[in-house]
Number of protein chains: 2
Amino acid sequence: MSDVKSTESDENVQPQTEASLRKRKILLGLLGVGIVVSAAAYGVALAMAEDPSEKGLDRAVESLAATRPTAVNLRWALDGMRRHLSELSAEQRFAAAIARAGEIAEEDVAINRAIGEHGLRLIEDAHRRKGRRGTVQILTHCNAGWLATVDWGTATAPIYLAHDRGLKVHVWVDETRPRNQGASLTAWELGHHGVPHTVIPDNTGGHLMQHRMVDLAIVGTDRVTANGDVCNKIGTYLKALAAHDNGVPFYVALPSPTIDFSIDDGIRQIPIEQRSADEVANMTGRTADGRVETVRVVPDGSPVANYAFDVTPARLVTGLITERGLLRPERAALASAFPERSAGH
Amino acid sequence: MSDVKSTESDENVQPQTEASLRKRKILLGLLGVGIVVSAAAYGVALAMAEDPSEKGLDRAVESLAATRPTAVNLRWALDGMRRHLSELSAEQRFAAAIARAGEIAEEDVAINRAIGEHGLRLIEDAHRRKGRRGTVQILTHCNAGWLATVDWGTATAPIYLAHDRGLKVHVWVDETRPRNQGASLTAWELGHHGVPHTVIPDNTGGHLMQHRMVDLAIVGTDRVTANGDVCNKIGTYLKALAAHDNGVPFYVALPSPTIDFSIDDGIRQIPIEQRSADEVANMTGRTADGRVETVRVVPDGSPVANYAFDVTPARLVTGLITERGLLRPERAALASAFPERSAGH
């Protein structure tokens with residue numbers, strides 16, 4: 001109970017209903033597979049339309065932050081929105097939030113475009129290593145494409161650029177259980193863009209790498225520590241192990257807000273969100289005659305665990321593709337590329 | 001076209017219909033998740049009921065062998081059946097095949113019971129390492145339980161014994177995409193037996209091992225090379241990498257017919273079966289109101305690859321649990337434990 005709230009007029013303080021909290025969760029759920037900064041910003045704007053009071057702002061920021069404890073860029077965007085909006089009157093907040101969310105989305109596009117350009121060089125390198133013949137085989141996990149971010153995506157941005165510039169690429173798309181973001185989102189997105197790809201069960205990548213069927217791996221991330229540990233969708237660590245074991249370069253594409261300069265040790269310090277057992281036990285899809293059905297694929301009575309992310313230690317990461325270029329996954333490299341972010345840590 | 005066939009009377013040579021081949025495939029499909037020697041033997045018996053000619057025997061053996069090119073114990077059992085039956089007249093073959101299949105099933109039970117006893121010691125060791133307190137956490141992949149073999153299972157035999165003798169165990173059950181043998185068969189089987197367990201997506205094991213939530217891993221296998229490379233359900237290699245990276249003992253339970261003394265290098269020499277894309281793209285389960293439905297979970301037009309197995313190099317395997325004890329995954333250890341099998345290779 002802070003003093004600030006008493007300065008708000010009572011008519012502005014609408015009760016935060018379960019429904020409105022749920023609405024915001026849905027917004028993030030829809031957009032935020034890899035969690036996008038602009039979705040959080042628009043989420044705050046949505047809340048300001050309902051309750052632009054200081055209390056409403058606090059609640060919006062905290063409830064949105066709680067939806068994804070693992071993603072640090074969400075917290076970064078939300079804190080920025082709070083600072084920006086709390087200097088304004090309640091009446092100004094909705095319009096300001098919408099405007100700021102629009103700016104953030106524009107910045108997101110520019111960042112991802114830059115990531116695409118830097119990542120493209122890695123695909124070109126792989127092509128050169130193959131004697132400029134044949135198709136560059138790329139493995140990806142989860143969805144870090146334009147469905148999860150804005151326009152270009154992070155992990156997919158270099159792939160789109162390569163494809164558009166006539167480089168032959170083929171993408172192995174990890175299904176990404178339990179939510180199947182690879183099979184549902186990434187495959188759909190790549191298909192829509194005309195990029196050759198093949199959906200594979202998450203179990204498959206190691207076999208492909210053992211048989212030289214993967215030239216490089218590119219994934220997104222939800223949080224990178226100051227030392228370069230990478231938190232991403234559960235299962236990423238297993239692919240990084242396989243890449244390391246087979247000499248396949250393993251890259252992580254990330255906008256700099258994803259870097260958390262306040263922590264070093266990803267395994268000990270990043271909280272890993274646990275999600276509903278239903279995401280694992282139930283699968284939704286279309287039947288042969290076009291109905292959408294949800295089916296249970298785990299025996300009744302069998303407990304289910306659903307850890308949403310894992311941490312890939314920096315030692316398994318070949319490089320971090322940021323908007324300011326390819327960086328080694330080390331504190332010095334990250335700090336010198338982003339001095340304004342690392343200062344004070 | 002061998003001479004042998006001409007010695008058969010024409011009335012015995014019934015045409016091998018698609019339906020009868022399919023019937024045998026179904027038999028193996030039902031029983032043979034890890035492929036069981038006795039299923040193959042009964043498959044030959046089933047074929048002898050239809051066509052006990054030399055030609056019928058050849059066809060049964062070859063068509064059954066072709067259903068699972070990766071599994072070497074299948075080939076071993078089928079060759080044994082062929083040798084046994086070809087010395088008999090066509091009239092004697094069906095009864096002899098049934099009798100031999102019964103013997104093989106009995107041997108299978110005895111082998112798995114012995115594997116259980118040897119594996120139990122490893123679980124007891126893990127319990128000792130924990131100061132005899134708490135629950136021993138075991139991770140397994142796919143199904144190598146009594147649904148796949150006879151009675152005890154291979155990988156699950158030590159778990160059942162430990163549970164029955166009052167040792168507290170808990171099993172992390174890999175879902176095992178795409179066919180979900182873990183979630184559907186292993187979880188059901190463990191639940192039926194009262195063994196505490198939790199179903200997890202295949203992506204999860206690495207995270208659990210990083211956080212010291214797995215004390216040991218035990219899996220089955222379809223073929224082990226003379227050097228100890230282990231071929232098992234796709235994704236096993238990724239778990240072995242994670243176990244190695246985190247110092248978690250990684251054991252493989254196997255009946256000795258699974259050892260292929262004719263090859264050394266699992267990655268180069270074991271053919272990896274590719275299966276239907278439908279296994280990945282479609283999921284079958286029960287709806288909330290109890291109907292069984294199959295839903296498609298991959299976008300139309302997105303190609304799918306389905307490699308059924310991968311190879312875990314011997315260097316990642318802590319030990320092989322055989323009916324003659326725990327062996328190091330090395331040629332000398334395997335050859336000295338099974339001199340009658342390794343002779344001549």
# chains A, B, ... in the order shown; residues from 1 in each chain; ligands from 1
call {"tool": "interface_residues", "arguments": {"of": "chain B", "to": "chain A", "cutoff": "7 Å", "atoms": "only C-alpha atoms", "output": "JSON, numbers by chain"}}
result
{"B": [177, 178, 183, 184, 187, 188, 191, 197, 198, 199, 200, 201, 202, 203, 204, 206, 207, 234, 235, 237, 238, 241, 242, 280, 284, 285, 286, 287, 293, 294, 295, 296, 297, 298, 299, 302, 303, 304, 305, 306, 307, 310]}
call {"tool": "write_last_selection", "arguments": {"atoms": "N, CA and C atoms", "output": "compact mmCIF listing (two decimals), in the first residue's frame"}}
result
# COMPACT_ATOMS: atom_id res chain seq x y z
N ARG B 177 8.66 -38.94 -28.50
CA ARG B 177 8.07 -38.62 -29.81
C ARG B 177 8.88 -39.31 -30.90
N PRO B 178 8.30 -39.66 -32.03
CA PRO B 178 6.91 -39.33 -32.36
C PRO B 178 5.87 -40.35 -31.93
N ALA B 183 5.12 -42.01 -23.02
CA ALA B 183 3.89 -41.48 -22.43
C ALA B 183 2.77 -42.51 -22.47
N SER B 184 2.72 -43.30 -23.53
CA SER B 184 1.59 -44.22 -23.63
C SER B 184 1.89 -45.57 -22.97
N ALA B 187 4.52 -45.21 -19.15
CA ALA B 187 3.78 -44.57 -18.05
C ALA B 187 2.61 -45.45 -17.62
N TRP B 188 1.94 -46.04 -18.58
CA TRP B 188 0.80 -46.90 -18.26
C TRP B 188 1.27 -48.10 -17.44
N GLY B 191 2.45 -47.10 -13.94
CA GLY B 191 1.27 -46.76 -13.16
C GLY B 191 0.53 -48.01 -12.70
N HIS B 197 6.02 -42.08 -10.98
CA HIS B 197 6.65 -41.65 -12.22
C HIS B 197 6.04 -40.33 -12.67
N THR B 198 6.73 -39.65 -13.56
CA THR B 198 6.24 -38.40 -14.13
C THR B 198 6.58 -38.39 -15.62
N VAL B 199 5.60 -38.11 -16.44
CA VAL B 199 5.84 -38.01 -17.88
C VAL B 199 6.42 -36.63 -18.19
N ILE B 200 7.47 -36.61 -19.01
CA ILE B 200 8.08 -35.33 -19.40
C ILE B 200 8.27 -35.30 -20.92
N PRO B 201 8.18 -34.11 -21.51
CA PRO B 201 8.56 -34.00 -22.91
C PRO B 201 10.03 -34.42 -23.08
N ASP B 202 10.36 -34.91 -24.27
CA ASP B 202 11.73 -35.37 -24.52
C ASP B 202 12.76 -34.28 -24.33
N ASN B 203 12.32 -33.04 -24.44
CA ASN B 203 13.23 -31.90 -24.30
C ASN B 203 13.72 -31.65 -22.87
N THR B 204 13.11 -32.33 -21.90
CA THR B 204 13.26 -31.93 -20.50
C THR B 204 14.47 -32.52 -19.77
N GLY B 206 17.66 -32.88 -20.04
CA GLY B 206 18.89 -32.12 -19.82
C GLY B 206 18.74 -31.15 -18.65
N HIS B 207 17.63 -30.45 -18.64
CA HIS B 207 17.35 -29.51 -17.54
C HIS B 207 17.32 -30.24 -16.20
N ILE B 234 15.26 -43.00 -31.27
CA ILE B 234 15.76 -41.65 -31.57
C ILE B 234 15.64 -40.74 -30.33
N GLY B 235 16.71 -40.03 -30.06
CA GLY B 235 16.73 -39.12 -28.90
C GLY B 235 17.54 -39.66 -27.74
N TYR B 237 20.60 -40.64 -27.78
CA TYR B 237 21.93 -40.01 -27.86
C TYR B 237 21.93 -38.65 -27.13
N LEU B 238 20.85 -37.88 -27.30
CA LEU B 238 20.80 -36.56 -26.66
C LEU B 238 20.78 -36.69 -25.13
N LEU B 241 24.28 -37.61 -23.95
CA LEU B 241 25.14 -36.43 -23.93
C LEU B 241 24.91 -35.62 -22.66
N ALA B 242 23.65 -35.44 -22.31
CA ALA B 242 23.31 -34.65 -21.11
C ALA B 242 23.80 -35.36 -19.85
N VAL B 280 4.60 -38.57 -37.16
CA VAL B 280 4.96 -37.29 -36.57
C VAL B 280 3.80 -36.29 -36.71
N THR B 284 -2.82 -39.43 -32.04
CA THR B 284 -4.09 -40.07 -31.69
C THR B 284 -4.24 -40.07 -30.17
N GLY B 285 -5.43 -39.78 -29.72
CA GLY B 285 -5.69 -39.79 -28.28
C GLY B 285 -7.18 -39.75 -28.03
N ARG B 286 -7.54 -39.58 -26.76
CA ARG B 286 -8.94 -39.52 -26.39
C ARG B 286 -9.38 -38.08 -26.18
N THR B 287 -10.57 -37.76 -26.68
CA THR B 287 -11.14 -36.44 -26.42
C THR B 287 -11.72 -36.44 -25.01
N GLU B 293 -9.69 -39.92 -31.31
CA GLU B 293 -9.56 -39.11 -32.52
C GLU B 293 -8.09 -39.00 -32.90
N THR B 294 -7.85 -38.82 -34.19
CA THR B 294 -6.50 -38.53 -34.67
C THR B 294 -6.49 -37.11 -35.23
N VAL B 295 -5.55 -36.31 -34.72
CA VAL B 295 -5.48 -34.92 -35.17
C VAL B 295 -4.12 -34.66 -35.82
N ARG B 296 -4.12 -33.78 -36.81
CA ARG B 296 -2.88 -33.41 -37.48
C ARG B 296 -2.27 -32.21 -36.76
N VAL B 297 -0.97 -32.28 -36.45
CA VAL B 297 -0.35 -31.22 -35.65
C VAL B 297 0.78 -30.52 -36.42
N VAL B 298 0.89 -30.78 -37.71
CA VAL B 298 1.90 -30.14 -38.56
C VAL B 298 1.13 -29.48 -39.71
N PRO B 299 1.56 -28.27 -40.13
CA PRO B 299 0.82 -27.61 -41.21
C PRO B 299 0.81 -28.47 -42.48
N SER B 302 3.96 -28.93 -45.07
CA SER B 302 5.29 -28.95 -44.44
C SER B 302 5.80 -30.39 -44.43
N PRO B 303 6.93 -30.65 -45.10
CA PRO B 303 7.47 -32.01 -45.09
C PRO B 303 7.91 -32.40 -43.67
N VAL B 304 7.94 -33.70 -43.44
CA VAL B 304 8.28 -34.24 -42.12
C VAL B 304 9.30 -35.35 -42.30
N ALA B 305 10.30 -35.42 -41.44
CA ALA B 305 11.24 -36.55 -41.46
C ALA B 305 11.06 -37.34 -40.17
N ASN B 306 11.23 -38.65 -40.26
CA ASN B 306 10.98 -39.52 -39.11
C ASN B 306 12.03 -40.63 -39.03
N TYR B 307 13.19 -40.29 -38.47
CA TYR B 307 14.23 -41.29 -38.24
C TYR B 307 13.90 -41.99 -36.92
N ASP B 310 18.67 -43.62 -33.09
CA ASP B 310 19.97 -43.00 -33.24
C ASP B 310 21.00 -43.87 -32.52
call {"tool": "select_by_dssp", "arguments": {"residues": "range 139-291 of chain A", "states": "strand (DSSP E)", "output": "number ranges by chain"}}
result
A: 139-140, 169-174, 197-200, 216-219, 223-225, 230-233, 250-253, 259-260, 282-286
call {"tool": "write_last_selection", "arguments": {"atoms": "N, CA, C and O atoms", "output": "compact mmCIF listing (two decimals), in the first residue's frame"}}
result
# COMPACT_ATOMS: atom_id res chain seq x y z
N LEU A 139 19.54 -25.98 -38.48
CA LEU A 139 18.57 -26.51 -37.51
C LEU A 139 18.10 -25.39 -36.58
O LEU A 139 18.90 -24.56 -36.15
N THR A 140 16.80 -25.36 -36.29
CA THR A 140 16.31 -24.40 -35.32
C THR A 140 15.34 -25.07 -34.35
O THR A 140 14.81 -26.15 -34.63
N VAL A 169 18.95 -22.60 -48.87
CA VAL A 169 18.92 -23.04 -47.47
C VAL A 169 17.79 -24.05 -47.28
O VAL A 169 16.82 -24.08 -48.03
N HIS A 170 17.97 -24.89 -46.29
CA HIS A 170 16.91 -25.80 -45.86
C HIS A 170 16.93 -25.83 -44.34
O HIS A 170 18.01 -25.91 -43.73
N VAL A 171 15.77 -25.75 -43.72
CA VAL A 171 15.70 -25.65 -42.26
C VAL A 171 15.09 -26.92 -41.66
O VAL A 171 14.00 -27.35 -42.05
N TRP A 172 15.81 -27.53 -40.74
CA TRP A 172 15.26 -28.61 -39.92
C TRP A 172 14.52 -27.94 -38.76
O TRP A 172 15.15 -27.27 -37.94
N VAL A 173 13.24 -28.12 -38.71
CA VAL A 173 12.42 -27.44 -37.72
C VAL A 173 12.07 -28.40 -36.59
O VAL A 173 11.28 -29.32 -36.76
N ASP A 174 12.67 -28.20 -35.41
CA ASP A 174 12.30 -29.00 -34.24
C ASP A 174 10.82 -28.77 -33.92
O ASP A 174 10.38 -27.63 -33.79
N HIS A 197 11.92 -26.54 -45.85
CA HIS A 197 12.09 -26.93 -44.44
C HIS A 197 11.49 -28.31 -44.22
O HIS A 197 10.71 -28.79 -45.05
N THR A 198 11.86 -28.94 -43.13
CA THR A 198 11.32 -30.24 -42.76
C THR A 198 11.09 -30.25 -41.25
O THR A 198 11.99 -29.89 -40.49
N VAL A 199 9.91 -30.64 -40.84
CA VAL A 199 9.61 -30.75 -39.42
C VAL A 199 10.17 -32.08 -38.89
O VAL A 199 10.02 -33.12 -39.53
N ILE A 200 10.83 -32.02 -37.74
CA ILE A 200 11.38 -33.23 -37.11
C ILE A 200 11.00 -33.27 -35.63
O ILE A 200 10.88 -32.23 -34.99
N LEU A 216 24.73 -25.66 -39.54
CA LEU A 216 24.76 -24.77 -38.38
C LEU A 216 23.39 -24.78 -37.71
O LEU A 216 22.39 -25.14 -38.33
N ALA A 217 23.39 -24.42 -36.43
CA ALA A 217 22.14 -24.29 -35.69
C ALA A 217 21.99 -22.83 -35.30
O ALA A 217 22.97 -22.16 -34.97
N ILE A 218 20.76 -22.32 -35.40
CA ILE A 218 20.46 -20.96 -34.93
C ILE A 218 19.18 -21.04 -34.11
O ILE A 218 18.17 -21.54 -34.58
N VAL A 219 19.26 -20.54 -32.89
CA VAL A 219 18.06 -20.50 -32.04
C VAL A 219 17.89 -19.09 -31.49
O VAL A 219 18.79 -18.26 -31.58
N ARG A 223 16.61 -15.16 -22.39
CA ARG A 223 17.48 -14.40 -21.52
C ARG A 223 18.91 -14.91 -21.68
O ARG A 223 19.12 -16.12 -21.72
N VAL A 224 19.84 -13.98 -21.77
CA VAL A 224 21.26 -14.33 -21.83
C VAL A 224 21.94 -13.65 -20.65
O VAL A 224 21.71 -12.47 -20.40
N THR A 225 22.76 -14.41 -19.90
CA THR A 225 23.44 -13.79 -18.76
C THR A 225 24.65 -12.97 -19.24
O THR A 225 25.08 -13.10 -20.40
N VAL A 230 22.79 -19.11 -22.03
CA VAL A 230 21.61 -18.83 -22.85
C VAL A 230 20.39 -19.60 -22.32
O VAL A 230 20.39 -20.83 -22.30
N CYS A 231 19.39 -18.87 -21.92
CA CYS A 231 18.13 -19.51 -21.54
C CYS A 231 17.19 -19.46 -22.74
O CYS A 231 16.97 -18.40 -23.32
N ASN A 232 16.70 -20.61 -23.14
CA ASN A 232 15.77 -20.67 -24.28
C ASN A 232 14.82 -21.84 -24.05
O ASN A 232 14.91 -22.56 -23.05
N LYS A 233 13.92 -22.02 -24.95
CA LYS A 233 12.91 -23.08 -24.85
C LYS A 233 13.54 -24.41 -24.45
O LYS A 233 14.61 -24.78 -24.92
N PHE A 250 26.95 -23.48 -33.26
CA PHE A 250 25.67 -23.27 -32.58
C PHE A 250 25.53 -21.79 -32.23
O PHE A 250 26.23 -21.29 -31.37
N TYR A 251 24.63 -21.11 -32.93
CA TYR A 251 24.48 -19.67 -32.75
C TYR A 251 23.15 -19.33 -32.07
O TYR A 251 22.15 -20.03 -32.25
N VAL A 252 23.19 -18.24 -31.32
CA VAL A 252 21.99 -17.74 -30.67
C VAL A 252 21.74 -16.32 -31.16
O VAL A 252 22.64 -15.48 -31.10
N ALA A 253 20.55 -16.08 -31.68
CA ALA A 253 20.21 -14.74 -32.17
C ALA A 253 19.43 -14.02 -31.08
O ALA A 253 18.49 -14.58 -30.51
N ILE A 259 19.72 -9.51 -22.98
CA ILE A 259 20.89 -9.71 -22.11
C ILE A 259 20.59 -9.18 -20.71
O ILE A 259 20.14 -8.06 -20.55
N ASP A 260 20.83 -10.02 -19.71
CA ASP A 260 20.62 -9.63 -18.31
C ASP A 260 22.00 -9.48 -17.67
O ASP A 260 22.61 -10.45 -17.25
N ASN A 282 -2.28 -32.89 -23.39
CA ASN A 282 -3.29 -32.69 -24.44
C ASN A 282 -2.65 -32.15 -25.70
O ASN A 282 -1.75 -31.32 -25.64
N MET A 283 -3.13 -32.61 -26.85
CA MET A 283 -2.66 -32.09 -28.12
C MET A 283 -3.89 -31.64 -28.91
O MET A 283 -4.88 -32.36 -28.99
N THR A 284 -3.77 -30.47 -29.50
CA THR A 284 -4.87 -29.95 -30.32
C THR A 284 -4.44 -29.93 -31.78
O THR A 284 -3.31 -29.58 -32.10
N GLY A 285 -5.35 -30.35 -32.64
CA GLY A 285 -5.06 -30.33 -34.08
C GLY A 285 -6.34 -30.52 -34.86
O GLY A 285 -7.43 -30.51 -34.29
N ARG A 286 -6.16 -30.68 -36.17
CA ARG A 286 -7.33 -30.88 -37.03
C ARG A 286 -7.51 -32.35 -37.34
O ARG A 286 -6.54 -33.06 -37.61
call {"tool": "residues_around", "arguments": {"residues": "range 328-331 of chain A", "least_positions_apart": "2", "cutoff": "7 Å", "atoms": "only C-alpha atoms", "output": "number ranges by chain"}}
result
A: 226-228, 314, 317, 319-320, 326, 333-335
call {"tool": "write_last_selection", "arguments": {"atoms": "C-alpha atoms", "output": "mmCIF file, in the first residue's frame"}}
result
data_model
loop_
_atom_site.group_PDB
_atom_site.id
_atom_site.type_symbol
_atom_site.label_atom_id
_atom_site.label_comp_id
_atom_site.auth_asym_id
_atom_site.auth_seq_id
_atom_site.Cartn_x
_atom_site.Cartn_y
_atom_site.Cartn_z
ATOM 1 C CA ALA A 226 26.367 -11.362 -18.663
ATOM 2 C CA ASN A 227 28.652 -14.391 -19.149
ATOM 3 C CA GLY A 228 26.781 -15.643 -22.198
ATOM 4 C CA ALA A 314 28.138 -20.353 -22.687
ATOM 5 C CA VAL A 317 27.587 -21.512 -27.709
ATOM 6 C CA GLY A 319 28.475 -17.059 -30.960
ATOM 7 C CA LEU A 320 25.740 -14.591 -30.095
ATOM 8 C CA LEU A 326 28.479 -11.470 -33.741
ATOM 9 C CA ALA A 333 32.533 -9.087 -25.395
ATOM 10 C CA LEU A 334 28.973 -8.349 -24.297
ATOM 11 C CA ALA A 335 29.982 -5.449 -22.066
#
call {"tool": "select_by_dssp", "arguments": {"residues": "range 170-261 of chain B", "states": "helix (DSSP H, G or I)", "output": "JSON, numbers by chain"}}
result
{"B": [181, 182, 183, 184, 185, 186, 187, 188, 189, 190, 191, 192, 193, 205, 206, 207, 208, 209, 210, 236, 237, 238, 239, 240, 241, 242, 243, 244, 245, 246, 256, 257, 258]}
call {"tool": "write_last_selection", "arguments": {"atoms": "N, CA and C atoms", "output": "compact mmCIF listing (two decimals), in the first residue's frame"}}
result
# COMPACT_ATOMS: atom_id res chain seq x y z
N GLN B 181 5.88 -43.74 -27.07
CA GLN B 181 5.91 -45.01 -26.33
C GLN B 181 6.12 -44.79 -24.84
N GLY B 182 6.84 -43.74 -24.50
CA GLY B 182 7.05 -43.45 -23.09
C GLY B 182 5.74 -43.04 -22.42
N ALA B 183 5.12 -42.01 -23.02
CA ALA B 183 3.89 -41.48 -22.43
C ALA B 183 2.77 -42.51 -22.47
N SER B 184 2.72 -43.30 -23.53
CA SER B 184 1.59 -44.22 -23.63
C SER B 184 1.89 -45.57 -22.97
N LEU B 185 3.03 -46.18 -23.29
CA LEU B 185 3.28 -47.53 -22.79
C LEU B 185 3.99 -47.54 -21.43
N THR B 186 5.15 -46.89 -21.35
CA THR B 186 5.92 -46.96 -20.10
C THR B 186 5.14 -46.37 -18.92
N ALA B 187 4.52 -45.21 -19.15
CA ALA B 187 3.78 -44.57 -18.05
C ALA B 187 2.61 -45.45 -17.62
N TRP B 188 1.94 -46.04 -18.58
CA TRP B 188 0.80 -46.90 -18.26
C TRP B 188 1.27 -48.10 -17.44
N GLU B 189 2.36 -48.69 -17.91
CA GLU B 189 2.92 -49.88 -17.28
C GLU B 189 3.39 -49.59 -15.84
N LEU B 190 4.12 -48.50 -15.68
CA LEU B 190 4.60 -48.13 -14.34
C LEU B 190 3.43 -47.81 -13.42
N GLY B 191 2.45 -47.10 -13.94
CA GLY B 191 1.27 -46.76 -13.16
C GLY B 191 0.53 -48.01 -12.70
N HIS B 192 0.41 -48.96 -13.63
CA HIS B 192 -0.25 -50.23 -13.36
C HIS B 192 0.45 -50.98 -12.22
N HIS B 193 1.77 -50.82 -12.16
CA HIS B 193 2.60 -51.51 -11.17
C HIS B 193 2.74 -50.68 -9.89
N GLY B 205 14.91 -33.71 -20.19
CA GLY B 205 15.92 -34.45 -19.43
C GLY B 205 17.18 -33.68 -19.12
N GLY B 206 17.66 -32.88 -20.04
CA GLY B 206 18.89 -32.12 -19.82
C GLY B 206 18.74 -31.15 -18.65
N HIS B 207 17.63 -30.45 -18.64
CA HIS B 207 17.35 -29.51 -17.54
C HIS B 207 17.32 -30.24 -16.20
N LEU B 208 16.66 -31.38 -16.15
CA LEU B 208 16.57 -32.14 -14.90
C LEU B 208 17.95 -32.57 -14.44
N MET B 209 18.79 -33.01 -15.37
CA MET B 209 20.13 -33.46 -14.99
C MET B 209 20.98 -32.29 -14.51
N GLN B 210 20.85 -31.13 -15.15
CA GLN B 210 21.60 -29.94 -14.70
C GLN B 210 21.25 -29.60 -13.25
N THR B 236 17.84 -40.96 -27.76
CA THR B 236 18.63 -41.55 -26.68
C THR B 236 20.01 -40.87 -26.60
N TYR B 237 20.60 -40.64 -27.78
CA TYR B 237 21.93 -40.01 -27.86
C TYR B 237 21.93 -38.65 -27.13
N LEU B 238 20.85 -37.88 -27.30
CA LEU B 238 20.80 -36.56 -26.66
C LEU B 238 20.78 -36.69 -25.13
N LYS B 239 20.09 -37.70 -24.63
CA LYS B 239 20.05 -37.90 -23.18
C LYS B 239 21.40 -38.38 -22.66
N ALA B 240 22.06 -39.21 -23.46
CA ALA B 240 23.39 -39.70 -23.05
C ALA B 240 24.38 -38.54 -23.00
N LEU B 241 24.28 -37.61 -23.95
CA LEU B 241 25.14 -36.43 -23.93
C LEU B 241 24.91 -35.62 -22.66
N ALA B 242 23.65 -35.44 -22.31
CA ALA B 242 23.31 -34.65 -21.11
C ALA B 242 23.80 -35.36 -19.85
N ALA B 243 23.64 -36.68 -19.82
CA ALA B 243 24.10 -37.44 -18.66
C ALA B 243 25.61 -37.28 -18.51
N HIS B 244 26.33 -37.42 -19.62
CA HIS B 244 27.78 -37.29 -19.61
C HIS B 244 28.19 -35.90 -19.15
N ASP B 245 27.48 -34.89 -19.64
CA ASP B 245 27.82 -33.50 -19.31
C ASP B 245 27.58 -33.19 -17.83
N ASN B 246 26.71 -33.97 -17.19
CA ASN B 246 26.35 -33.69 -15.80
C ASN B 246 26.79 -34.77 -14.81
N SER B 256 21.52 -60.38 -24.39
CA SER B 256 22.69 -60.53 -25.26
C SER B 256 22.37 -60.70 -26.75
N PRO B 257 21.20 -61.22 -27.16
CA PRO B 257 20.95 -61.28 -28.61
C PRO B 257 20.97 -59.90 -29.28
N THR B 258 20.92 -58.87 -28.49
CA THR B 258 20.95 -57.51 -29.03
C THR B 258 22.36 -57.12 -29.47
call {"tool": "closest_residue", "arguments": {"among": "B:Arg93, B:Arg83, B:Arg165, B:His118", "to": "Met48 in chain B", "atoms": "only C-alpha atoms"}}
result
B:Arg93
call {"tool": "residues_around", "arguments": {"residues": "Arg121 in chain A", "least_positions_apart": "3", "cutoff": "12 Å", "atoms": "only C-alpha atoms", "output": "MDAnalysis selection string"}}
result
chainID A and resid 114:118 124:128 157:159 161:162 165 167 321 325:326
call {"tool": "write_last_selection", "arguments": {"atoms": "N, CA and C atoms", "output": "CSV table (one decimal), in the first residue's frame"}}
result
chain,number,residue,atom,x,y,z
A,114,ALA,N,18.9,-6.0,-38.3
A,114,ALA,CA,20.4,-6.0,-38.1
A,114,ALA,C,20.9,-7.4,-37.8
A,115,ILE,N,20.1,-8.1,-36.9
A,115,ILE,CA,20.5,-9.4,-36.6
A,115,ILE,C,20.5,-10.3,-37.8
A,116,GLY,N,19.5,-10.1,-38.7
A,116,GLY,CA,19.5,-10.8,-40.0
A,116,GLY,C,20.7,-10.6,-40.8
A,117,GLU,N,21.2,-9.4,-40.9
A,117,GLU,CA,22.4,-9.1,-41.7
A,117,GLU,C,23.6,-9.7,-41.1
A,118,HIS,N,23.7,-9.7,-39.8
A,118,HIS,CA,24.9,-10.3,-39.2
A,118,HIS,C,24.9,-11.8,-39.3
A,124,GLU,N,26.4,-17.5,-45.1
A,124,GLU,CA,27.3,-17.5,-46.2
A,124,GLU,C,28.6,-18.2,-45.9
A,125,ASP,N,29.1,-18.1,-44.7
A,125,ASP,CA,30.4,-18.8,-44.3
A,125,ASP,C,30.2,-20.3,-44.5
A,126,ALA,N,29.0,-20.8,-44.0
A,126,ALA,CA,28.7,-22.2,-44.1
A,126,ALA,C,28.7,-22.6,-45.5
A,127,HIS,N,28.1,-21.8,-46.4
A,127,HIS,CA,28.0,-22.1,-47.8
A,127,HIS,C,29.4,-22.2,-48.4
A,128,ARG,N,30.3,-21.2,-48.0
A,128,ARG,CA,31.7,-21.2,-48.5
A,128,ARG,C,32.4,-22.5,-48.0
A,157,ALA,N,15.5,-14.4,-39.0
A,157,ALA,CA,15.9,-13.3,-39.8
A,157,ALA,C,17.0,-13.6,-40.8
A,158,PRO,N,18.1,-14.2,-40.3
A,158,PRO,CA,19.2,-14.5,-41.3
A,158,PRO,C,18.8,-15.5,-42.4
A,159,ILE,N,17.9,-16.4,-42.0
A,159,ILE,CA,17.4,-17.4,-42.9
A,159,ILE,C,16.5,-16.8,-44.0
A,161,LEU,N,16.7,-13.7,-45.0
A,161,LEU,CA,17.6,-12.9,-45.9
A,161,LEU,C,18.4,-13.7,-46.8
A,162,ALA,N,18.9,-14.9,-46.3
A,162,ALA,CA,19.7,-15.8,-47.2
A,162,ALA,C,18.8,-16.3,-48.3
A,165,ARG,N,18.0,-13.7,-50.9
A,165,ARG,CA,19.2,-13.4,-51.7
A,165,ARG,C,19.7,-14.5,-52.6
A,167,LEU,N,20.5,-17.7,-51.8
A,167,LEU,CA,21.3,-18.7,-51.2
A,167,LEU,C,20.4,-19.9,-50.9
A,321,ILE,N,24.5,-13.7,-32.0
A,321,ILE,CA,24.2,-12.8,-33.1
A,321,ILE,C,23.3,-11.7,-32.5
A,325,GLY,N,26.3,-7.0,-34.1
A,325,GLY,CA,27.3,-8.0,-34.6
A,325,GLY,C,27.4,-9.3,-33.9
A,326,LEU,N,28.3,-10.2,-34.4
A,326,LEU,CA,28.5,-11.5,-33.7
A,326,LEU,C,29.4,-11.3,-32.6
